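Student: Before I ask anything, here is the structure I am working with.
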Amino acid sequence: MHPIIEKVTQDVIDRSSESRSAYLKYIDGLAKEGPNRSKLACGNLAHGFAACSATEKADLTGDLKANIAIISSYNDMLSAHQPYKDAPDLIKAAISKAGGVAQFAGGVPAMCDGITQGQAGMELSLFSRDLIAMTTAIGMSHNMFDGALYLGVCDKIVPGLLIGALSFGHLPALFIPAGPMPSGITNKEKARARQAYAVGKIGRKELLESESASYHSAGTCTFYGTANSNQMMMEIMGIHLPGSSFVNPYTPLRDELTAEAARQVLKFTALGDDYRPIAHMISEKAIINAVIGLLATGGSTNHTMHLIAIARASGITLNWDDFDNLSKAIPQLTKIYPNGPADVNHFHAAGGMGVLIAELLKHGLLHEDILTVADKKGMNSYTEEPKLHDGKIVWEPCPKVSLDKEVLSTVEKPFAKGGGLHVMKGNLGRGVSKLSAVSKDHQIVEAPAIVFDDQEDFLSAFQRKELQKNFIAVIRFQGPRANGMPELHKLTPPLGVLQDQGFKVALVTDGRMSGASGKVPSAIHLCPECEMGGPLAKVLDGDIISLNLQTGNVNALVDDAEFNARTPIPNRANNHHYGQGREMFGSFRLGASTAETGASNLFPVD
């Protein structure tokens with residue numbers, strides 16, 4: 001094992017000792033208490049299986065057969081979730097045949113950042129993660145279940161489901177992906193159309209045709225944003241079946257993997273002899289594996305918040321310094337859009353997760369000894385990929401080498417020696433940057449600040465052609481407490497246009513960017529946020545800002561005494577707390593922790 005990985009892992013174990021022990025003590029106590037349906041009052045149990053068949057009622061009367069909960073993010077408006085439509089029936093049939101019972105325990109809300117991007121609804125997006133966790137807990141609260149299957153794909157859905165699952169950590173659990181849609185037009189073509197629209201070269205009709213040719217069928221969007229980073233992390237933590245993350249929906253293999261996951265969870269309940277509760281799966285080493293996977297693939301910056309919140313749900317204290325230290329050891333091994341032209345289907349065809357995991361294990365860059373949902377407990381099982389033989393799943397060794405070195409490379413010849421995420425720090429606070437998609441000649445920018453308190457003000461200035469110069473856009477009051485921390489991905493096309501025109505541009509904000517953050521340099525998630533008096537609220541138009549992604553420094557080049565003497569400018573915006581349901585999320589805004597501690601309402605923060 002690489003010494004840096006060993007040290008960071010031990011640091012996390014030591015730092016989390018008290019909270020992790022308390023969590024496991026609580027969870028192990030729940031395991032001793034139940035579920036035990038024979039201890040439920042007759043009225044409770046009768047309510048619990050009233051809608052079941054006579055056979056299922058007989059099975060659930062005693063404690064000999066396992067009852068598996070299904071929690072799903074299905075809705076038929078969103079392409080990523082639409083493939084879950086038939087999954088409950090498929091799961092119930094597979095579990096019944098394998099000797100158990102399954103009940104649909106609850107649905108969770110699933111919103112799409114692609115639809116709400118730049119809209120008022122985006123200000124509910126980050127908070128939907130905690131709401132999904134709470135909704136998951138409600139579905140599981142009936143104490144009827146011996147295990148659970150969680151069906152979710154996209155940005156906040158999977159982290160929310162996992163946080164909720166960890167509150168019932170005494171139960172075994174598998175996560176079931178839906179898979180990406182087949183490839184549409186290339187991501188380069190899509191980006192070109194967006195930039196052409198931003199400067200008025202094409203109209204709405206042509207842009208919509210381009211977008212529709214990209215997002216064109218059921219399944220997850222194919223770029224490597226937060227949704228597909230989710231799938232990678234679930235697999236590299238061992239709670240997906242090996243090789244299942246990027247199999248397209250509505251294929252025989254996808255359906256059989258769903259049925260296999262259903263059969264698999266039955267093996268791990270407390271009623272059998274191979275009890276595997278999810279609380280013991282999401283260990284310190286599993287969390288470190290997720291960070292390693294994120295760095296090795298140049299994954300979404302959103303997970304610098306989501307992984308911290310997931311870790312806290314299992315009693316583990318992860319921080320941004322852990323990401324930063326691991327980035328010194330983990331090379332970037334993939335080129336998937338926005339870090340390259342390929343999409344996740346090309347990554348999967350090149351060998352996908354199996355080849356990636358095998359490469360990391362071979363070089364001591366991944367913990368093998370974690371508890372997983374594969375038959376063999378460690379990560380070596382994840383160097384195999386599923387195949388269908390006569391309608392049955394068989395796991396075979398993955399390719400020994402990548403089948404496309406332009407998409408998936410090796411530790412000896414990485415695309416970059418360091419991971420794709422860096423911690424940024426300086427007199428403007430602490431934040432993160434995704435540099436895996438930023439070319440080296442754009443990784444250092446020193447330019448005057450132009451300050452905006454709303455992304456619409458920036459876009460208006462761009463349309464008025466006031467931004468044809470070198471500058472760093474400072475977008476303030478975009479943190480969790482200010483307005484729910486919406487993604488600012490709508491700024492990417494105009495900033496990309498200006499960069500292509502030869503101007504030195506960058507973005508500095510206490511908000512966040514999309515998992516599709518691309519070629520424009522940025523420092524995001526800056527803490528403390530402006531709403532809490534963070535230093536970014538002291539920046540004035542014309543202040544020179546130095547942004548260096550290579551060293552991880554972001555500073556206003558203002559005399560220290562002058563800068564410290566400035567009073568943070570208050571948030572004068574009053575239009576972000578009402579409309580599109582935002583008025584109901586006031587308590588979420590008031591109680592949100594910092595981005596560095598997970599931007600959550602669910603866990604106390606020291």
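Residue numbering restarts at 1 for every chain of the structure tokens, chains are lettered A, B, ... in their displayed order, and ligands are numbered from 1 as they appear.
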Hey, what does DSSP flag as alpha helix (DSSP H) within range 167-415 of chain A? Can you give it to me as a PyMOL selection string?

Tutor: chain A and resi 187-198+204-214+226-236+252-267+278-281+284-297+303-313+320-327+344-349+352-362

Student: Selected residues, C-alpha atoms, written as a JSON list (two decimals), in the first residue's frame, please.

Tutor:
```json
[["chain", "number", "residue", "atom", "x", "y", "z"],
["A", 187, "ASN", "CA", -19.69, 15.93, -26.05],
["A", 188, "LYS", "CA", -17.42, 18.18, -28.13],
["A", 189, "GLU", "CA", -20.29, 18.85, -30.55],
["A", 190, "LYS", "CA", -22.62, 19.61, -27.65],
["A", 191, "ALA", "CA", -20.15, 22.06, -26.06],
["A", 192, "ARG", "CA", -19.57, 23.75, -29.41],
["A", 193, "ALA", "CA", -23.32, 24.30, -29.86],
["A", 194, "ARG", "CA", -23.65, 25.78, -26.36],
["A", 195, "GLN", "CA", -20.86, 28.25, -26.98],
["A", 196, "ALA", "CA", -22.27, 29.15, -30.41],
["A", 197, "TYR", "CA", -25.63, 29.90, -28.79],
["A", 198, "ALA", "CA", -23.95, 32.01, -26.08],
["A", 204, "ARG", "CA", -32.82, 28.28, -29.65],
["A", 205, "LYS", "CA", -34.13, 25.83, -32.27],
["A", 206, "GLU", "CA", -30.63, 24.70, -33.27],
["A", 207, "LEU", "CA", -29.48, 24.52, -29.64],
["A", 208, "LEU", "CA", -32.46, 22.39, -28.64],
["A", 209, "GLU", "CA", -31.80, 20.03, -31.55],
["A", 210, "SER", "CA", -28.21, 19.64, -30.33],
["A", 211, "GLU", "CA", -29.20, 19.06, -26.71],
["A", 212, "SER", "CA", -31.89, 16.57, -27.76],
["A", 213, "ALA", "CA", -29.35, 14.62, -29.80],
["A", 214, "SER", "CA", -27.20, 14.36, -26.68],
["A", 226, "THR", "CA", -21.92, 13.76, -10.41],
["A", 227, "ALA", "CA", -24.36, 11.01, -11.44],
["A", 228, "ASN", "CA", -21.75, 8.78, -13.04],
["A", 229, "SER", "CA", -19.24, 9.66, -10.30],
["A", 230, "ASN", "CA", -21.90, 8.28, -7.93],
["A", 231, "GLN", "CA", -21.94, 4.99, -9.79],
["A", 232, "MET", "CA", -18.15, 4.73, -9.78],
["A", 233, "MET", "CA", -18.06, 5.37, -6.02],
["A", 234, "MET", "CA", -20.74, 2.81, -5.17],
["A", 235, "GLU", "CA", -18.78, 0.19, -7.07],
["A", 236, "ILE", "CA", -15.35, 1.08, -5.68],
["A", 252, "PRO", "CA", -30.88, -8.42, -20.89],
["A", 253, "LEU", "CA", -27.68, -8.00, -18.87],
["A", 254, "ARG", "CA", -29.04, -4.93, -17.04],
["A", 255, "ASP", "CA", -32.23, -6.78, -16.04],
["A", 256, "GLU", "CA", -30.34, -9.85, -14.92],
["A", 257, "LEU", "CA", -27.98, -7.73, -12.80],
["A", 258, "THR", "CA", -31.01, -6.23, -11.06],
["A", 259, "ALA", "CA", -32.37, -9.71, -10.35],
["A", 260, "GLU", "CA", -28.95, -10.88, -9.18],
["A", 261, "ALA", "CA", -28.69, -7.97, -6.74],
["A", 262, "ALA", "CA", -32.07, -9.00, -5.33],
["A", 263, "ARG", "CA", -30.91, -12.58, -4.87],
["A", 264, "GLN", "CA", -27.61, -11.42, -3.39],
["A", 265, "VAL", "CA", -29.05, -9.33, -0.57],
["A", 266, "LEU", "CA", -30.90, -12.38, 0.75],
["A", 267, "LYS", "CA", -27.55, -14.07, 1.45],
["A", 278, "ILE", "CA", -24.02, -1.92, 5.51],
["A", 279, "ALA", "CA", -22.67, -0.11, 8.58],
["A", 280, "HIS", "CA", -19.65, -2.39, 8.49],
["A", 281, "MET", "CA", -19.29, -2.06, 4.71],
["A", 284, "GLU", "CA", -12.90, 4.14, 6.84],
["A", 285, "LYS", "CA", -11.13, 2.12, 4.14],
["A", 286, "ALA", "CA", -14.24, 2.07, 1.93],
["A", 287, "ILE", "CA", -14.56, 5.85, 2.24],
["A", 288, "ILE", "CA", -10.89, 6.28, 1.31],
["A", 289, "ASN", "CA", -11.46, 4.00, -1.70],
["A", 290, "ALA", "CA", -14.23, 6.35, -2.83],
["A", 291, "VAL", "CA", -11.92, 9.37, -2.60],
["A", 292, "ILE", "CA", -9.23, 7.47, -4.51],
["A", 293, "GLY", "CA", -11.69, 6.58, -7.26],
["A", 294, "LEU", "CA", -12.82, 10.18, -7.48],
["A", 295, "LEU", "CA", -9.24, 11.41, -7.85],
["A", 296, "ALA", "CA", -8.18, 8.69, -10.30],
["A", 297, "THR", "CA", -11.11, 9.45, -12.60],
["A", 303, "HIS", "CA", -18.45, 14.76, -3.84],
["A", 304, "THR", "CA", -16.09, 16.88, -1.79],
["A", 305, "MET", "CA", -19.33, 17.61, 0.10],
["A", 306, "HIS", "CA", -21.33, 14.41, -0.42],
["A", 307, "LEU", "CA", -18.57, 12.02, 0.66],
["A", 308, "ILE", "CA", -17.97, 14.03, 3.82],
["A", 309, "ALA", "CA", -21.70, 13.84, 4.65],
["A", 310, "ILE", "CA", -21.79, 10.09, 3.88],
["A", 311, "ALA", "CA", -18.76, 9.54, 6.09],
["A", 312, "ARG", "CA", -20.36, 11.48, 8.95],
["A", 313, "ALA", "CA", -23.46, 9.28, 8.65],
["A", 320, "TRP", "CA", -10.71, 18.30, 2.50],
["A", 321, "ASP", "CA", -7.11, 17.85, 3.60],
["A", 322, "ASP", "CA", -7.61, 14.10, 3.13],
["A", 323, "PHE", "CA", -8.64, 14.73, -0.48],
["A", 324, "ASP", "CA", -5.66, 17.02, -0.98],
["A", 325, "ASN", "CA", -3.12, 14.63, 0.55],
["A", 326, "LEU", "CA", -4.43, 11.66, -1.41],
["A", 327, "SER", "CA", -4.23, 13.68, -4.63],
["A", 344, "VAL", "CA", -18.87, 6.70, -19.86],
["A", 345, "ASN", "CA", -19.90, 4.19, -22.53],
["A", 346, "HIS", "CA", -16.44, 4.51, -24.08],
["A", 347, "PHE", "CA", -14.89, 4.12, -20.60],
["A", 348, "HIS", "CA", -16.95, 0.97, -19.99],
["A", 349, "ALA", "CA", -16.00, -0.44, -23.40],
["A", 352, "GLY", "CA", -14.30, 0.22, -17.26],
["A", 353, "MET", "CA", -14.33, -0.27, -13.53],
["A", 354, "GLY", "CA", -12.72, -3.70, -13.63],
["A", 355, "VAL", "CA", -9.58, -2.50, -15.40],
["A", 356, "LEU", "CA", -9.44, 0.67, -13.29],
["A", 357, "ILE", "CA", -9.72, -1.23, -10.01],
["A", 358, "ALA", "CA", -7.20, -3.87, -11.10],
["A", 359, "GLU", "CA", -4.70, -1.14, -12.03],
["A", 360, "LEU", "CA", -5.10, 0.62, -8.68],
["A", 361, "LEU", "CA", -4.82, -2.63, -6.71],
["A", 362, "LYS", "CA", -1.74, -3.72, -8.64]]
```

Student: Taking only C-alpha atoms into account, name the residue in A:Gly426, A:Pro480, A:Gly118, A:Pro448 that is nearest to Val505 in chain A.

Tutor: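 Checking each candidate against Val505 in chain A, we get A:Pro448 as the closest.
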
Student: Which distance in Å separates CA of Gly429 in chain A and CA of Gly534 in chain A, to one decimal?

Tutor: 7.3 Å

Student: Name the closest residue to Leu64 in chain A among the candidates A:Leu271, A:Val539, A:Leu467, A:Leu124; distances are taken between atoms, counting only C-alpha atoms.

Tutor: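 Smallest separation from Leu64 in chain A among the options: A:Leu271.
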
Student: Excluding same-chain residues fewer than 3 positions from His489 in chain A, what lies within 12 Å of it counting only C-alpha atoms, as a PyMOL selection string?

Tutor: chain A and resi 113-119+122+194+225+455+459+485-486+492-496+507+511-520+522+524

Student: Please report, as a list in words, each residue of range 2-124 of chain A to which DSSP assigns strand (DSSP E or B) when run on this structure's backbone.

Tutor: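 Selecting the strand (DSSP E or B) positions of range 2-124 of chain A gives Asn67, Ile68, Ala69, Ile70, Ile71, Ser72, Val101, Ala102, Gln103, Phe104, Ala105, Gly106 and Gly107 of chain A.
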
Student: With N, CA and C atoms retained, write the just-selected residues as a tab-separated table (two decimals), in the first residue's frame.

Tutor:
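Everything below was put into again28.tsv:
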```tsv
chain	number	residue	atom	x	y	z
A	67	ASN	N	-37.53	-10.41	4.66
A	67	ASN	CA	-38.34	-9.42	3.96
A	67	ASN	C	-37.41	-8.27	3.55
A	68	ILE	N	-37.37	-8.00	2.26
A	68	ILE	CA	-36.44	-7.01	1.72
A	68	ILE	C	-37.20	-5.75	1.31
A	69	ALA	N	-36.74	-4.60	1.78
A	69	ALA	CA	-37.34	-3.32	1.42
A	69	ALA	C	-36.78	-2.85	0.08
A	70	ILE	N	-37.65	-2.25	-0.72
A	70	ILE	CA	-37.23	-1.58	-1.95
A	70	ILE	C	-37.48	-0.09	-1.78
A	71	ILE	N	-36.43	0.71	-1.89
A	71	ILE	CA	-36.54	2.17	-1.87
A	71	ILE	C	-36.08	2.66	-3.23
A	72	SER	N	-36.92	3.41	-3.92
A	72	SER	CA	-36.63	3.76	-5.31
A	72	SER	C	-36.81	5.24	-5.58
A	101	VAL	N	-39.22	-12.46	0.65
A	101	VAL	CA	-40.33	-11.57	0.32
A	101	VAL	C	-39.74	-10.18	0.13
A	102	ALA	N	-40.32	-9.41	-0.78
A	102	ALA	CA	-39.91	-8.03	-0.97
A	102	ALA	C	-41.13	-7.13	-0.98
A	103	GLN	N	-40.99	-5.96	-0.34
A	103	GLN	CA	-42.05	-4.96	-0.34
A	103	GLN	C	-41.48	-3.62	-0.80
A	104	PHE	N	-42.27	-2.90	-1.59
A	104	PHE	CA	-41.86	-1.56	-1.98
A	104	PHE	C	-42.10	-0.66	-0.78
A	105	ALA	N	-41.02	-0.25	-0.12
A	105	ALA	CA	-41.13	0.45	1.15
A	105	ALA	C	-41.32	1.95	0.99
A	106	GLY	N	-40.87	2.51	-0.13
A	106	GLY	CA	-41.04	3.95	-0.29
A	106	GLY	C	-40.33	4.49	-1.51
A	107	GLY	N	-40.83	5.60	-1.99
A	107	GLY	CA	-40.16	6.33	-3.06
A	107	GLY	C	-39.53	7.59	-2.50
```

Student: Contacts of Phe49 in chain A at 9 Å or less, counting only C-alpha atoms, minus same-chain residues fewer than 5 places along, as a PyMOL selection string?

Tutor: chain A and resi 56-57+60-61+103

Student: Export, as an mmCIF file, in the first residue's frame, the selected residues with N, CA and C atoms.

Tutor:
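Once everything was written out, this is again.cif:
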```
data_model
loop_
_atom_site.group_PDB
_atom_site.id
_atom_site.type_symbol
_atom_site.label_atom_id
_atom_site.label_comp_id
_atom_site.auth_asym_id
_atom_site.auth_seq_id
_atom_site.Cartn_x
_atom_site.Cartn_y
_atom_site.Cartn_z
ATOM 1 N N GLU A 56 -47.488 -14.521 0.951
ATOM 2 C CA GLU A 56 -46.558 -13.574 1.570
ATOM 3 C C GLU A 56 -46.927 -13.321 3.024
ATOM 4 N N LYS A 57 -48.231 -13.251 3.315
ATOM 5 C CA LYS A 57 -48.647 -13.062 4.709
ATOM 6 C C LYS A 57 -48.183 -14.221 5.570
ATOM 7 N N LEU A 60 -44.490 -13.868 6.185
ATOM 8 C CA LEU A 60 -44.105 -12.773 7.070
ATOM 9 C C LEU A 60 -44.632 -12.930 8.488
ATOM 10 N N THR A 61 -45.497 -13.898 8.701
ATOM 11 C CA THR A 61 -46.010 -14.138 10.053
ATOM 12 C C THR A 61 -44.888 -14.596 10.986
ATOM 13 N N GLN A 103 -40.989 -5.959 -0.340
ATOM 14 C CA GLN A 103 -42.053 -4.964 -0.344
ATOM 15 C C GLN A 103 -41.483 -3.617 -0.799
#
```

Student: Given only C-alpha atoms as the basis, pick out the residue of A:Gly431, A:Pro242, A:Ala270, A:Gly579 nearest to Glu385 in chain A.

Tutor: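 Of A:Gly431, A:Pro242, A:Ala270, A:Gly579, the one nearest Glu385 in chain A, counting only C-alpha atoms, is A:Pro242.
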
Student: Please identify all polymer residues within 9 Å of range 552-556 of chain A, counting only C-alpha atoms, omitting same-chain residues fewer than 5 positions from it, and present them as a list in words.

Tutor: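 Near range 552-556 of chain A, the qualifying residues are His422, Val423, Met424, Lys425, Gly426, Asn427, Leu428, Gly429, Arg430, Gly431, Val432, Ser433, Ala449, Val508, Ala523, Leu536, Val539, Asp543, Ile544, Ile545, Ser546, Leu547 and Phe563 of chain A.
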
Student: Which distance in Å separates CA of Gly315 in chain A and CA of His240 in chain A, to one decimal?

Tutor: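 Separation of CA of Gly315 in chain A and CA of His240 in chain A: 21.5 Å.
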
Student: Do a neighbour search on Thr334 in chain A at 9 Å with only C-alpha atoms, toss out local chain neighbours closer than 4 positions, and write the hits as number ranges by chain.

Tutor: A: 296-298, 339-340, 347, 356, 405-410, 414-415

Student: Keeping N, CA and C atoms, export the residues of the selection given above as an mmCIF file, in the first residue's frame.

Tutor:
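As written to disk, result24.cif reads:
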```cif
data_model
loop_
_atom_site.group_PDB
_atom_site.id
_atom_site.type_symbol
_atom_site.label_atom_id
_atom_site.label_comp_id
_atom_site.auth_asym_id
_atom_site.auth_seq_id
_atom_site.Cartn_x
_atom_site.Cartn_y
_atom_site.Cartn_z
ATOM 1 N N ALA A 296 -8.737 9.427 -9.157
ATOM 2 C CA ALA A 296 -8.183 8.687 -10.297
ATOM 3 C C ALA A 296 -8.976 8.919 -11.568
ATOM 4 N N THR A 297 -10.260 9.272 -11.423
ATOM 5 C CA THR A 297 -11.114 9.449 -12.601
ATOM 6 C C THR A 297 -11.452 10.911 -12.884
ATOM 7 N N GLY A 298 -10.968 11.842 -12.052
ATOM 8 C CA GLY A 298 -11.319 13.240 -12.259
ATOM 9 C C GLY A 298 -12.798 13.485 -12.070
ATOM 10 N N ASN A 339 -13.348 15.866 -18.895
ATOM 11 C CA ASN A 339 -11.879 15.769 -18.839
ATOM 12 C C ASN A 339 -11.281 15.237 -20.133
ATOM 13 N N GLY A 340 -12.098 14.972 -21.121
ATOM 14 C CA GLY A 340 -11.655 14.432 -22.398
ATOM 15 C C GLY A 340 -12.867 14.242 -23.285
ATOM 16 N N PHE A 347 -15.652 4.587 -21.757
ATOM 17 C CA PHE A 347 -14.892 4.118 -20.600
ATOM 18 C C PHE A 347 -15.233 2.662 -20.287
ATOM 19 N N LEU A 356 -9.865 -0.410 -14.188
ATOM 20 C CA LEU A 356 -9.441 0.669 -13.293
ATOM 21 C C LEU A 356 -9.080 0.126 -11.910
ATOM 22 N N LYS A 405 -6.379 3.143 -24.629
ATOM 23 C CA LYS A 405 -5.465 3.886 -23.759
ATOM 24 C C LYS A 405 -5.717 5.396 -23.800
ATOM 25 N N GLU A 406 -6.519 5.874 -24.772
ATOM 26 C CA GLU A 406 -6.860 7.294 -24.817
ATOM 27 C C GLU A 406 -7.969 7.638 -23.825
ATOM 28 N N VAL A 407 -8.622 6.621 -23.306
ATOM 29 C CA VAL A 407 -9.733 6.816 -22.369
ATOM 30 C C VAL A 407 -9.363 6.331 -20.976
ATOM 31 N N LEU A 408 -8.687 5.204 -20.899
ATOM 32 C CA LEU A 408 -8.333 4.568 -19.635
ATOM 33 C C LEU A 408 -6.878 4.130 -19.714
ATOM 34 N N SER A 409 -6.028 4.761 -18.931
ATOM 35 C CA SER A 409 -4.591 4.529 -19.044
ATOM 36 C C SER A 409 -4.056 3.759 -17.836
ATOM 37 N N THR A 410 -2.765 3.864 -17.602
ATOM 38 C CA THR A 410 -2.090 3.085 -16.574
ATOM 39 C C THR A 410 -1.384 4.008 -15.583
ATOM 40 N N PRO A 414 0.107 7.833 -16.740
ATOM 41 C CA PRO A 414 -1.160 8.490 -16.405
ATOM 42 C C PRO A 414 -1.379 9.749 -17.241
ATOM 43 N N PHE A 415 -2.600 10.225 -17.243
ATOM 44 C CA PHE A 415 -2.895 11.490 -17.923
ATOM 45 C C PHE A 415 -2.389 12.671 -17.099
#
```

Student: With only C-alpha atoms as the counted atoms, please give the residues lying no more than 12 Å from Ser593 in chain A, apart from itself and same-chain residues fewer than 3 positions off, as number ranges by chain.

Tutor: A: 127, 130, 305, 308-309, 479-482, 484-485, 527-529, 531-532, 587-590, 596-606

Student: Quick check, in Å to one decimal: how far apart do CA of Ala165 in chain A and CA of Gly581 in chain A lie?

Tutor: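 Computing the Euclidean distance for CA of Ala165 in chain A and CA of Gly581 in chain A yields 26.3 Å.
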
Student: Under the rule that only C-alpha atoms are counted, which of A:Ala565, A:Ala50, A:Ala133, A:Leu174 is the nearest residue to Leu149 in chain A?

Tutor: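 Distance minimum relative to Leu149 in chain A lands on A:Leu174.
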